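The data block below is data_6.cif; it holds mmCIF, C-alpha atoms.
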data_final
loop_
_atom_site.label_atom_id
_atom_site.label_comp_id
_atom_site.auth_asym_id
_atom_site.auth_seq_id
_atom_site.Cartn_x
_atom_site.Cartn_y
_atom_site.Cartn_z
CA MET A 1 113.02 114.29 143.23
CA GLU A 2 113.79 117.97 143.66
CA LYS A 3 117.45 118.70 144.25
CA THR A 4 118.33 120.27 147.59
CA GLN A 5 120.68 123.24 147.34
CA GLN A 6 123.73 121.93 149.19
CA ARG A 7 125.63 124.33 151.46
CA ASN A 8 129.35 124.53 150.93
CA LEU A 9 131.33 122.18 153.20
CA VAL A 10 133.32 125.05 154.73
CA LEU A 11 130.07 126.73 155.75
CA ILE A 12 128.77 123.42 157.12
CA LEU A 13 131.95 122.97 159.15
CA ALA A 14 131.76 126.58 160.37
CA ARG A 15 128.24 125.92 161.60
CA GLU A 16 129.37 122.70 163.27
CA LEU A 17 132.20 124.61 164.94
CA ALA A 18 129.74 127.24 166.15
CA ALA A 19 127.19 124.67 167.29
CA ASN A 20 129.81 122.93 169.42
CA SER A 21 131.58 126.01 170.79
CA ALA A 22 131.03 127.76 174.10
CA THR A 23 132.00 131.08 172.47
CA PRO A 24 129.17 133.05 170.85
CA MET A 25 129.31 132.89 167.05
CA PHE A 26 127.38 134.04 163.96
CA VAL A 27 127.57 132.24 160.63
CA VAL A 28 126.69 134.24 157.52
CA ASP A 29 126.28 132.85 153.99
CA PRO A 30 127.78 134.51 150.87
CA GLU A 31 124.59 136.51 150.32
CA GLY A 32 124.93 138.03 153.79
CA THR A 33 122.10 136.09 155.38
CA LEU A 34 122.68 135.17 159.01
CA VAL A 35 122.12 131.44 158.67
CA PHE A 36 123.02 130.38 162.21
CA PHE A 37 123.98 131.60 165.64
CA ASN A 38 124.81 129.28 168.49
CA GLU A 39 123.41 128.86 171.98
CA PRO A 40 126.07 131.05 173.68
CA ALA A 41 125.16 133.78 171.17
CA GLU A 42 121.52 133.37 172.12
CA GLN A 43 122.42 134.34 175.68
CA VAL A 44 124.08 137.54 174.49
CA LEU A 45 121.47 138.42 171.90
CA GLY A 46 118.52 137.54 174.07
CA ARG A 47 116.71 135.38 171.52
CA SER A 48 117.22 131.85 170.19
CA PHE A 49 117.98 131.06 166.57
CA ALA A 50 114.88 128.88 166.53
CA GLU A 51 112.88 132.03 167.32
CA THR A 52 114.55 134.38 164.84
CA GLY A 53 115.30 131.98 161.99
CA ALA A 54 117.60 133.18 159.22
CA LEU A 55 117.99 136.95 159.06
CA GLY A 56 118.85 139.07 156.03
CA ALA A 57 121.84 141.45 156.17
CA LYS A 58 119.66 144.53 156.70
CA GLU A 59 117.83 142.82 159.55
CA TRP A 60 120.79 141.56 161.55
CA GLY A 61 122.79 144.74 160.97
CA THR A 62 120.21 146.92 162.69
CA LEU A 63 118.34 144.47 164.90
CA PHE A 64 120.74 144.80 167.79
CA ALA A 65 121.07 148.62 167.54
CA PRO A 66 124.89 148.65 167.73
CA LEU A 67 126.44 151.75 169.33
CA ASP A 68 130.06 152.75 169.79
CA ARG A 69 131.59 153.44 173.22
CA GLU A 70 130.37 157.02 173.07
CA GLY A 71 126.84 155.89 172.34
CA SER A 72 126.71 156.87 168.66
CA PRO A 73 125.03 154.43 166.26
CA ILE A 74 127.43 152.34 164.20
CA PRO A 75 126.48 152.27 160.51
CA VAL A 76 125.88 148.77 159.18
CA ASP A 77 128.66 149.36 156.64
CA ASP A 78 131.19 149.75 159.47
CA LEU A 79 130.37 146.53 161.31
CA PRO A 80 133.15 143.89 161.33
CA LEU A 81 130.87 141.32 159.71
CA THR A 82 129.97 143.74 156.94
CA LYS A 83 133.68 144.41 156.40
CA ALA A 84 134.37 140.67 156.23
CA MET A 85 131.57 140.24 153.71
CA ARG A 86 132.22 143.32 151.58
CA ASP A 87 136.00 143.66 151.65
CA LEU A 88 136.82 139.98 152.33
CA VAL A 89 139.16 140.94 155.17
CA PRO A 90 138.93 140.42 158.93
CA GLY A 91 137.44 143.09 161.14
CA HIS A 92 137.28 143.78 164.86
CA MET A 93 135.30 146.25 166.95
CA GLU A 94 133.95 146.85 170.42
CA MET A 95 130.33 147.95 170.61
CA LYS A 96 127.26 148.22 172.74
CA ILE A 97 124.26 146.28 171.59
CA THR A 98 120.70 145.96 172.74
CA GLY A 99 119.73 142.33 172.83
CA LEU A 100 116.35 141.12 171.70
CA ASP A 101 115.56 140.80 175.41
CA ASP A 102 116.11 144.63 175.63
CA GLU A 103 119.25 144.19 177.76
CA ARG A 104 122.22 146.46 176.88
CA ARG A 105 125.58 144.70 176.62
CA MET A 106 129.14 145.72 175.77
CA ILE A 107 130.67 143.22 173.38
CA ALA A 108 133.79 142.79 171.23
CA VAL A 109 133.31 141.29 167.77
CA THR A 110 135.84 139.67 165.45
CA ALA A 111 134.65 138.65 161.99
CA PHE A 112 136.49 137.02 159.13
CA PRO A 113 135.62 135.75 155.66
CA LEU A 114 135.54 132.04 154.80
CA PHE A 115 137.04 130.69 151.61
CA ALA A 116 136.58 127.15 150.31
CA ARG A 117 139.00 127.27 147.39
CA ALA A 118 141.25 130.16 146.50
CA ASN A 119 139.00 133.11 145.70
CA GLU A 120 135.85 131.09 146.43
CA PHE A 121 134.12 133.12 149.11
CA VAL A 122 131.49 131.05 150.89
CA GLY A 123 130.47 133.21 153.86
CA ALA A 124 131.80 134.66 157.09
CA LEU A 125 132.11 133.83 160.75
CA ALA A 126 131.79 136.34 163.59
CA ILE A 127 132.92 135.59 167.11
CA PHE A 128 131.93 137.85 169.95
CA TRP A 129 132.66 138.23 173.61
CA GLU A 130 130.61 140.01 176.24
CA GLU A 131 132.68 142.40 178.31
CA GLY A 132 133.76 140.73 181.53
CA SER A 133 133.25 137.23 180.18
CA ARG A 134 136.03 134.68 180.19
CA GLY A 135 138.57 135.41 177.49
CA GLN A 136 137.68 139.11 177.26
CA GLY A 137 140.62 141.03 178.63
CA MET B 138 126.00 102.10 133.51
CA ARG B 139 127.72 99.22 135.26
CA ALA B 140 129.82 99.39 138.43
CA ARG B 141 132.10 96.69 139.71
CA VAL B 142 133.78 96.68 143.11
CA TRP B 143 137.49 95.74 143.05
CA GLY B 144 138.26 96.81 146.59
CA CYS B 145 136.09 97.95 149.50
CA ARG B 146 138.33 97.58 152.54
CA GLY B 147 139.17 100.72 154.48
CA SER B 148 142.44 102.02 155.88
CA LEU B 149 144.69 99.04 155.15
CA ALA B 150 144.65 96.08 152.79
CA SER B 151 143.60 93.05 154.81
CA PRO B 152 143.88 89.80 152.86
CA GLY B 153 143.41 86.47 154.58
CA PRO B 154 140.92 83.78 155.44
CA GLU B 155 138.97 86.06 157.80
CA THR B 156 138.15 88.57 155.05
CA ILE B 157 137.68 86.29 152.09
CA ARG B 158 133.95 86.87 151.49
CA TYR B 159 134.11 90.66 151.30
CA GLY B 160 137.74 91.03 150.33
CA GLY B 161 140.85 92.70 151.65
CA ASN B 162 141.73 95.10 148.84
CA THR B 163 141.34 98.81 149.53
CA SER B 164 138.98 101.13 147.65
CA CYS B 165 138.57 100.79 143.92
CA VAL B 166 135.34 100.76 141.88
CA GLU B 167 135.13 100.47 138.10
CA VAL B 168 132.27 102.27 136.35
CA ARG B 169 131.52 101.69 132.66
CA LEU B 170 129.21 104.14 130.96
CA ALA B 171 126.83 103.32 128.13
CA ASP B 172 129.11 104.97 125.56
CA GLY B 173 132.11 102.92 126.73
CA THR B 174 133.73 105.65 128.85
CA LEU B 175 135.78 104.02 131.58
CA ILE B 176 135.79 105.60 135.04
CA VAL B 177 137.70 104.30 138.05
CA LEU B 178 136.89 105.50 141.55
CA ASP B 179 140.00 105.49 143.72
CA ALA B 180 143.31 103.71 143.41
CA GLY B 181 143.46 101.45 146.44
CA THR B 182 145.02 98.02 146.09
CA GLY B 183 141.91 96.88 144.17
CA ILE B 184 143.19 98.80 141.17
CA ARG B 185 145.92 96.19 140.62
CA PRO B 186 143.54 93.30 139.73
CA PHE B 187 141.30 95.80 137.94
CA GLY B 188 144.19 96.81 135.71
CA LEU B 189 144.86 93.18 134.85
CA SER B 190 141.25 92.80 133.70
CA LEU B 191 141.50 95.55 131.09
CA ASP B 192 141.57 94.99 127.35
CA PRO B 193 144.72 96.71 126.08
CA GLU B 194 143.15 97.30 122.67
CA ARG B 195 139.87 98.73 123.97
CA ASP B 196 140.71 100.48 127.24
CA LYS B 197 143.05 103.21 126.11
CA THR B 198 141.37 106.18 127.79
CA ILE B 199 140.80 105.98 131.52
CA HIS B 200 139.46 108.54 133.96
CA LEU B 201 140.60 107.89 137.52
CA PHE B 202 138.71 109.89 140.14
CA LEU B 203 140.37 110.05 143.54
CA SER B 204 138.14 110.86 146.48
CA HIS B 205 141.19 112.00 148.45
CA LEU B 206 144.84 111.17 148.82
CA HIS B 207 145.01 109.03 151.94
CA LEU B 208 147.22 106.07 151.16
CA ASP B 209 144.50 103.44 151.15
CA HIS B 210 142.98 105.27 148.18
CA LEU B 211 146.26 105.79 146.37
CA GLU B 212 148.58 102.93 147.25
CA GLY B 213 147.58 100.78 144.26
CA LEU B 214 148.34 103.45 141.66
CA GLY B 215 151.95 102.43 141.14
CA PHE B 216 150.79 98.87 140.47
CA PHE B 217 148.05 99.80 137.99
CA SER B 218 149.16 98.24 134.71
CA SER B 219 147.76 101.07 132.58
CA LEU B 220 150.05 103.54 134.34
CA TRP B 221 152.98 101.87 132.63
CA ARG B 222 151.56 101.86 129.11
CA PRO B 223 152.62 104.84 127.00
CA ASP B 224 149.63 104.36 124.70
CA VAL B 225 147.11 104.91 127.52
CA ASP B 226 145.51 108.31 127.95
CA LEU B 227 145.18 108.40 131.73
CA HIS B 228 143.37 111.29 133.39
CA ILE B 229 143.65 111.57 137.15
CA TRP B 230 141.11 113.75 138.92
CA GLY B 231 141.25 114.68 142.57
CA PRO B 232 140.37 117.28 145.19
CA PRO B 233 142.21 120.59 144.87
CA SER B 234 144.42 121.93 147.61
CA PRO B 235 145.15 125.60 148.22
CA LEU B 236 148.89 124.95 148.33
CA ARG B 237 150.08 122.16 146.04
CA SER B 238 148.83 120.80 142.74
CA LEU B 239 147.34 117.33 142.55
CA GLU B 240 150.41 116.15 140.66
CA GLN B 241 152.78 117.50 143.31
CA ARG B 242 150.82 115.84 146.09
CA ILE B 243 150.66 112.47 144.35
CA ALA B 244 154.36 112.74 143.55
CA ARG B 245 155.10 112.78 147.27
CA TYR B 246 154.10 109.12 147.25
CA LEU B 247 155.13 108.16 143.70
CA SER B 248 158.76 109.16 144.04
CA PRO B 249 161.85 107.95 145.93
CA PRO B 250 162.28 107.02 148.69
CA LEU B 251 158.66 105.83 149.00
CA PHE B 252 158.49 104.50 145.42
CA PRO B 253 161.36 103.54 143.10
CA VAL B 254 160.26 105.58 140.07
CA HIS B 255 159.42 109.27 140.02
CA LEU B 256 155.98 110.21 138.76
CA SER B 257 157.48 112.32 135.98
CA ASP B 258 159.23 109.22 134.57
CA ILE B 259 156.09 107.10 134.33
CA PRO B 260 155.40 106.14 130.69
CA SER B 261 151.70 107.03 130.48
CA HIS B 262 152.41 110.60 131.60
CA PRO B 263 149.04 111.00 133.32
CA LYS B 264 147.14 114.25 132.99
CA PHE B 265 146.09 115.72 136.32
CA HIS B 266 142.90 117.66 136.90
CA ASP B 267 141.57 119.46 139.96
CA VAL B 268 138.03 118.19 140.13
CA PRO B 269 135.59 121.10 139.71
CA ASP B 270 133.14 121.82 142.51
CA GLY B 271 129.81 121.14 140.83
CA GLU B 272 128.71 119.27 137.72
CA PHE B 273 130.53 118.57 134.49
CA PRO B 274 130.01 116.21 131.55
CA LEU B 275 132.14 113.15 130.97
CA GLY B 276 131.30 110.77 128.12
CA SER B 277 127.61 109.95 128.31
CA ALA B 278 127.39 110.92 132.00
CA ILE B 279 127.30 113.99 134.17
CA ILE B 280 129.66 113.95 137.14
CA ARG B 281 128.79 115.86 140.28
CA ALA B 282 131.62 116.41 142.76
CA GLN B 283 131.38 118.15 146.11
CA PRO B 284 133.74 118.50 149.08
CA ILE B 285 132.66 116.28 151.96
CA SER B 286 133.56 115.96 155.62
CA HIS B 287 136.71 113.88 156.11
CA ARG B 288 140.23 114.67 157.21
CA GLY B 289 141.95 116.70 154.50
CA PRO B 290 140.52 117.75 151.13
CA THR B 291 138.03 115.05 150.11
CA VAL B 292 135.27 114.93 147.52
CA GLY B 293 132.23 112.75 147.02
CA TYR B 294 131.24 111.81 143.48
CA ARG B 295 127.91 111.22 141.82
CA ILE B 296 127.79 109.72 138.34
CA MET B 297 124.52 110.33 136.51
CA GLU B 298 123.58 108.70 133.23
CA GLY B 299 120.24 107.88 131.59
CA GLY B 300 118.30 109.05 134.61
CA ARG B 301 120.20 106.73 136.96
CA SER B 302 122.87 107.62 139.48
CA ILE B 303 125.66 106.16 141.57
CA ALA B 304 126.99 108.12 144.55
CA TYR B 305 130.40 107.32 146.00
CA LEU B 306 131.43 108.63 149.43
CA PRO B 307 133.87 106.02 150.69
CA ASP B 308 135.33 108.08 153.54
CA HIS B 309 132.84 110.39 155.16
CA GLU B 310 131.87 111.57 158.62
CA PRO B 311 128.69 113.60 158.15
CA ALA B 312 127.73 113.14 161.81
CA LEU B 313 130.78 114.94 163.18
CA GLY B 314 129.48 117.34 165.81
CA VAL B 315 125.84 117.09 164.72
CA ASP B 316 122.80 114.88 165.12
CA LEU B 317 121.86 113.93 161.57
CA ASN B 318 118.25 113.46 162.61
CA ASP B 319 117.99 117.12 163.60
CA MET B 320 119.74 118.75 160.65
CA GLU B 321 118.10 120.25 157.59
CA PRO B 322 119.41 118.22 154.63
CA GLU B 323 121.09 121.25 153.03
CA TRP B 324 123.36 121.40 156.09
CA ILE B 325 124.42 117.76 155.95
CA SER B 326 127.79 117.11 154.34
CA GLY B 327 127.45 114.95 151.23
CA HIS B 328 123.70 115.28 150.92
CA GLY B 329 123.99 117.04 147.58
CA VAL B 330 125.95 114.09 146.20
CA ALA B 331 123.81 111.32 147.66
CA GLU B 332 120.28 112.69 147.46
CA GLY B 333 117.96 110.26 145.70
CA ALA B 334 120.80 108.17 144.28
CA ASP B 335 119.94 104.74 142.91
CA VAL B 336 123.02 103.33 144.60
CA LEU B 337 125.09 104.89 147.37
CA PHE B 338 128.51 103.46 148.23
CA HIS B 339 129.18 104.91 151.67
CA ASP B 340 131.63 104.63 154.52
CA ALA B 341 130.32 102.25 157.20
CA GLN B 342 133.54 101.54 159.03
CA TYR B 343 132.58 101.42 162.68
CA THR B 344 130.27 100.01 165.29
CA PRO B 345 128.90 102.74 167.60
CA ASP B 346 131.44 101.83 170.29
CA GLU B 347 134.33 102.00 167.83
CA TYR B 348 133.08 105.36 166.56
CA ASP B 349 132.93 106.79 170.07
CA ALA B 350 136.66 106.14 170.42
CA ARG B 351 137.42 107.61 166.96
CA VAL B 352 135.32 110.76 166.67
CA GLY B 353 136.85 113.09 164.09
CA TRP B 354 138.79 110.39 162.28
CA GLY B 355 136.60 110.94 159.25
CA HIS B 356 134.44 107.81 159.21
CA SER B 357 130.91 106.71 159.99
CA SER B 358 129.26 104.23 162.28
CA VAL B 359 126.57 101.89 161.01
CA GLU B 360 123.94 104.09 162.67
CA HIS B 361 125.26 107.17 160.93
CA VAL B 362 125.33 105.65 157.49
CA VAL B 363 121.79 104.34 157.82
CA THR B 364 120.53 107.75 158.98
CA PHE B 365 122.45 109.47 156.19
CA GLY B 366 121.03 107.03 153.62
CA LEU B 367 117.47 107.51 154.86
CA VAL B 368 117.73 111.31 155.02
CA SER B 369 119.18 111.25 151.51
CA ALA B 370 116.39 108.93 150.31
CA VAL B 371 118.78 106.65 148.46
CA LYS B 372 117.30 103.57 146.84
CA GLN B 373 120.11 101.17 147.67
CA LEU B 374 122.71 101.69 150.38
CA VAL B 375 125.94 99.75 149.93
CA MET B 376 128.14 99.70 153.04
CA PHE B 377 131.73 100.39 152.04
CA HIS B 378 135.19 100.96 153.52
CA HIS B 379 135.12 97.99 155.86
CA ASP B 380 137.39 98.25 158.89
CA PRO B 381 140.56 96.16 158.42
CA LEU B 382 139.95 94.55 161.81
CA HIS B 383 136.44 93.39 160.96
CA THR B 384 136.14 89.76 159.93
CA ASP B 385 133.46 88.49 157.57
CA PRO B 386 131.13 87.45 160.43
CA GLU B 387 131.61 90.83 162.09
CA LEU B 388 130.68 92.61 158.86
CA GLU B 389 127.58 90.43 158.60
CA ALA B 390 126.62 91.45 162.13
CA LEU B 391 127.00 95.10 161.07
CA VAL B 392 124.75 94.70 158.03
CA ALA B 393 122.19 92.88 160.16
CA ARG B 394 122.11 95.90 162.47
CA ALA B 395 121.88 98.22 159.47
CA THR B 396 118.96 96.20 158.10
CA GLU B 397 117.21 96.46 161.44
CA LEU B 398 117.69 100.23 161.50
CA TRP B 399 116.66 100.62 157.86
CA GLY B 400 113.31 98.99 158.61
CA THR B 401 110.74 98.97 155.85
CA ASN B 402 112.22 101.86 153.89
CA GLY B 403 112.87 99.92 150.69
CA SER B 404 115.78 97.67 149.80
CA SER B 405 117.84 96.68 152.81
CA PRO B 406 121.49 97.79 153.01
CA LEU B 407 124.10 95.56 151.41
CA LEU B 408 127.76 94.96 152.19
CA ALA B 409 130.12 95.82 149.36
CA HIS B 410 132.30 92.88 148.36
CA GLU B 411 134.97 92.35 145.78
CA GLY B 412 133.35 91.31 142.52
CA MET B 413 130.03 92.99 143.36
CA ILE B 414 128.38 94.25 140.18
CA VAL B 415 125.73 96.94 140.00
CA ASP B 416 123.89 97.28 136.70
CA LEU B 417 121.80 100.39 136.20
CA GLU B 418 119.73 100.36 133.05
CA PRO B 419 118.75 103.77 131.73
CA VAL B 420 115.32 104.78 133.01
CA ALA B 421 114.10 105.30 129.47
CA ALA B 422 115.00 101.73 128.57
CA VAL B 423 113.29 100.39 131.68
CA GLU B 424 110.17 102.34 130.83
CA GLU B 425 110.23 100.93 127.33
CA ILE B 426 110.47 97.41 128.72
CA GLN B 427 107.57 98.03 131.10
CA THR B 428 105.47 99.39 128.27
CA ARG B 429 106.26 96.36 126.16
CA LEU B 430 105.33 93.99 129.01
CA GLN B 431 102.00 95.74 129.48
CA GLN B 432 101.10 95.36 125.80
#

Reformat the file's structure so that it appears as structure tokens.
Amino acid sequence: MEKTQQRNLVLILARELAANSATPMFVVDPEGTLVFFNEPAEQVLGRSFAETGALGAKEWGTLFAPLDREGSPIPVDDLPLTKAMRDLVPGHMEMKITGLDDERRMIAVTAFPLFARANEFVGALAIFWEEGSRGQG
Amino acid sequence: MRARVWGCRGSLASPGPETIRYGGNTSCVEVRLADGTLIVLDAGTGIRPFGLSLDPERDKTIHLFLSHLHLDHLEGLGFFSSLWRPDVDLHIWGPPSPLRSLEQRIARYLSPPLFPVHLSDIPSHPKFHDVPDGEFPLGSAIIRAQPISHRGPTVGYRIMEGGRSIAYLPDHEPALGVDLNDMEPEWISGHGVAEGADVLFHDAQYTPDEYDARVGWGHSSVEHVVTFGLVSAVKQLVMFHHDPLHTDPELEALVARATELWGTNGSSPLLAHEGMIVDLEPVAAVEEIQTRLQQ
């Protein structure tokens, strides 16, 4: 029998947290692939995870055309999730995105790296809020 | 490879006439490898009679693998005879923690006021090892250890030798927050340990109603363990970690339900019981025997 590549438990639990949360969330694996986003995120992004499937870092970084408050494009390298992946530190930013349903939305994003054991980086989690939604001050 | 169950009760030792068929001792399974290497899975109260069964001349090196440090998996350690023998080379493996070493965490139990003797004064002076995440050789076997879903750091073990395998996940809640039927196997906790195992010892503590009142406590219902076993394509599911409140007839009702759910997918689930022995001949040897029978 061929061995299935098991995901790390911390990543599994992060996905379970996202799947059961009412707050939109992204889960990214250590290679930067967007391996899951939850139903509340689908509402913000305008497309379901079942439709998009897993997305590589280059795809998800540009897919939603993130802009700053002044309307300038935000480089992928400056996105909070990129910072969490690259520098292994938390990041936060407000941005405008264009959902896959072509709707423009103002969102705030907080991303942070996930560690299983000390120095064992296993992925990252991004939480985002649409401006005016509950919990967004 | 031969495994023998010395304790399969969950949560609390439960001796008495109502638990006599399956036993009241908490988790402990002995595994003997073909080259004589002695492995012990968990140190529940079953480790006390196990220790008394050992040959002091032969069994001088022992590898104790702890799935986690909840008391029902640790409470027998102070009463394990080999712990008190200075000539025994005792290796204790367990899940790492980001804050304290395995020795420091075990010493919280094996020290006053919870225990009369401090761990550092114990004659065998055990050697403590954080179990690596992944595979590593031990004697004639390969051990695979992976973190699994339970409260606190917990690992599942798979022992592989001669093409055969035993998986041990005594405390495990893979269904927490998910429907196991809808998940890709790579996203199911413990799948990498259990997949295709010849024998899977797995948590089967609750009925569905009991589980509904204990979601997040780290255990599985009979439905969950059957689904997990089927998704993992194990050859023999052994229901383990029996609830201390379940009598022998209640356990037999659980296994009847598990058998019904398992259907025609190979060997029906079994209930672990004290004294249960699992013999796994190396595949190569079995093939040789089959060839000989055909001639």

**Prompt:** If we count all atoms listed in the file, what is near range 218-230 of chain B at a cut-off of 8 Å, once residues fewer than 3 positions away on the same chain are taken out, given as a list in words?
**Reply:** Arg185, Gly188, Leu189, Asp196, Lys197, Thr198, Ile199, His200, Leu201, Phe202, Leu203, Leu214, Gly215, Ile259, Pro260, Ser261, His262, Pro263, Lys264, Phe265, His266, Asp267 and Val268 of chain B

Store the residues picked out above in a file with C-alpha atoms, as a JSON list (two decimals), in the coordinates of the input.
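result15.json written:
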[["chain", "number", "residue", "atom", "x", "y", "z"],
["B", 185, "ARG", "CA", 145.92, 96.19, 140.62],
["B", 188, "GLY", "CA", 144.19, 96.81, 135.71],
["B", 189, "LEU", "CA", 144.86, 93.18, 134.85],
["B", 196, "ASP", "CA", 140.71, 100.48, 127.24],
["B", 197, "LYS", "CA", 143.05, 103.21, 126.11],
["B", 198, "THR", "CA", 141.37, 106.18, 127.79],
["B", 199, "ILE", "CA", 140.80, 105.98, 131.52],
["B", 200, "HIS", "CA", 139.46, 108.54, 133.96],
["B", 201, "LEU", "CA", 140.60, 107.89, 137.52],
["B", 202, "PHE", "CA", 138.71, 109.89, 140.14],
["B", 203, "LEU", "CA", 140.37, 110.05, 143.54],
["B", 214, "LEU", "CA", 148.34, 103.45, 141.66],
["B", 215, "GLY", "CA", 151.95, 102.43, 141.14],
["B", 259, "ILE", "CA", 156.09, 107.10, 134.33],
["B", 260, "PRO", "CA", 155.40, 106.14, 130.69],
["B", 261, "SER", "CA", 151.70, 107.03, 130.48],
["B", 262, "HIS", "CA", 152.41, 110.60, 131.60],
["B", 263, "PRO", "CA", 149.04, 111.00, 133.32],
["B", 264, "LYS", "CA", 147.14, 114.25, 132.99],
["B", 265, "PHE", "CA", 146.09, 115.72, 136.32],
["B", 266, "HIS", "CA", 142.90, 117.66, 136.90],
["B", 267, "ASP", "CA", 141.57, 119.46, 139.96],
["B", 268, "VAL", "CA", 138.03, 118.19, 140.13]]

**Request:** Could you please select, counting all atoms listed in the file, the residues of chain B within 6 Å of chain A and state them as a list in words?
**Result:**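 Every residue of chain B that passes the 6 Å test is in Gly314, Glu323, Trp324 and Gly329 of chain B.
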
**Request:** Evaluate the PyMOL selection byres ((chain A and resi 91) around 9) here and jot the selected residues down as a ChimeraX atom specification.
**Result:** /A:79-84,89-90,92-93,109-112

**Request:** May I have the residues within 7 Å of Asp68 in chain A as a count of residues only, using only C-alpha atoms and disregarding those fewer than 3 positions away in the same chain?
**Result:** 6

**Request:** Pull out every residue that the PyMOL selection byres ((chain A and resi 98) around 9) matches in the shown coordinates and put them as a list in words.
**Result:**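 Evaluating the PyMOL selection byres ((chain A and resi 98) around 9) on these coordinates yields Leu45, Gly46, Leu63, Phe64, Ala65, Pro66, Leu67, Lys96, Ile97, Gly99, Leu100, Asp101, Asp102, Glu103, Arg104, Arg105 and Met106 of chain A.
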
**Request:** Tell me which protein, DNA and RNA residues are within 10 Å of Leu407 in chain B, counting only C-alpha atoms, leaving out same-chain ones fewer than 2 positions away, and put them as a list in words.
**Result:** Phe338, Gln373, Leu374, Val375, Met376, Phe377, Glu389, Val392, Ala393, Ala395, Thr396, Ser404, Ser405, Ala409 and His410 of chain B

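Here CA of His210 in chain B is placed at a distance of 19.1 Å from CA of Pro253 in chain B.
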
**Counting all atoms listed in the file, the option among B:Ser369, B:Asn318, B:Ser190, B:Ser302 closest to Glu418 in chain B** = B:Ser302

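Shortest separation to Arg242 in chain B among B:Val254, B:Leu211, B:Ile296, B:Ala390 occurs at residue B:Leu211, atoms counted being all atoms listed in the file.
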
Some atoms are missing, so please complete range 368-372 of chain B with all heavy atoms and return it as a PDB file, in the coordinates of the input.
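Result saved to rebuild.pdb:
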ATOM      1  N   VAL B 368     117.953 109.873 155.234  1.00  0.00           N
ATOM      2  CA  VAL B 368     117.730 111.310 155.020  1.00  0.00           C
ATOM      3  C   VAL B 368     117.932 111.659 153.546  1.00  0.00           C
ATOM      4  O   VAL B 368     117.225 112.488 152.987  1.00  0.00           O
ATOM      5  CB  VAL B 368     118.682 112.147 155.912  1.00  0.00           C
ATOM      6  CG1 VAL B 368     118.652 113.613 155.514  1.00  0.00           C
ATOM      7  CG2 VAL B 368     118.304 111.995 157.374  1.00  0.00           C
ATOM      8  N   SER B 369     118.881 110.975 152.917  1.00  0.00           N
ATOM      9  CA  SER B 369     119.180 111.250 151.510  1.00  0.00           C
ATOM     10  C   SER B 369     118.255 110.498 150.564  1.00  0.00           C
ATOM     11  O   SER B 369     118.365 110.654 149.342  1.00  0.00           O
ATOM     12  CB  SER B 369     120.639 110.892 151.198  1.00  0.00           C
ATOM     13  OG  SER B 369     121.518 111.651 152.011  1.00  0.00           O
ATOM     14  N   ALA B 370     117.374 109.668 151.121  1.00  0.00           N
ATOM     15  CA  ALA B 370     116.390 108.930 150.310  1.00  0.00           C
ATOM     16  C   ALA B 370     117.047 108.154 149.176  1.00  0.00           C
ATOM     17  O   ALA B 370     116.577 108.177 148.032  1.00  0.00           O
ATOM     18  CB  ALA B 370     115.327 109.900 149.768  1.00  0.00           C
ATOM     19  N   VAL B 371     118.125 107.457 149.498  1.00  0.00           N
ATOM     20  CA  VAL B 371     118.780 106.650 148.460  1.00  0.00           C
ATOM     21  C   VAL B 371     118.008 105.340 148.299  1.00  0.00           C
ATOM     22  O   VAL B 371     117.362 104.853 149.228  1.00  0.00           O
ATOM     23  CB  VAL B 371     120.271 106.358 148.807  1.00  0.00           C
ATOM     24  CG1 VAL B 371     121.035 107.654 148.959  1.00  0.00           C
ATOM     25  CG2 VAL B 371     120.406 105.517 150.057  1.00  0.00           C
ATOM     26  N   LYS B 372     118.085 104.786 147.111  1.00  0.00           N
ATOM     27  CA  LYS B 372     117.300 103.570 146.840  1.00  0.00           C
ATOM     28  C   LYS B 372     118.032 102.314 147.305  1.00  0.00           C
ATOM     29  O   LYS B 372     117.411 101.344 147.699  1.00  0.00           O
ATOM     30  CB  LYS B 372     116.974 103.505 145.352  1.00  0.00           C
ATOM     31  CG  LYS B 372     116.092 104.682 144.913  1.00  0.00           C
ATOM     32  CD  LYS B 372     115.786 104.647 143.433  1.00  0.00           C
ATOM     33  CE  LYS B 372     114.964 105.871 143.016  1.00  0.00           C
ATOM     34  NZ  LYS B 372     115.726 107.129 143.073  1.00  0.00           N
TER      35      LYS B 372
END
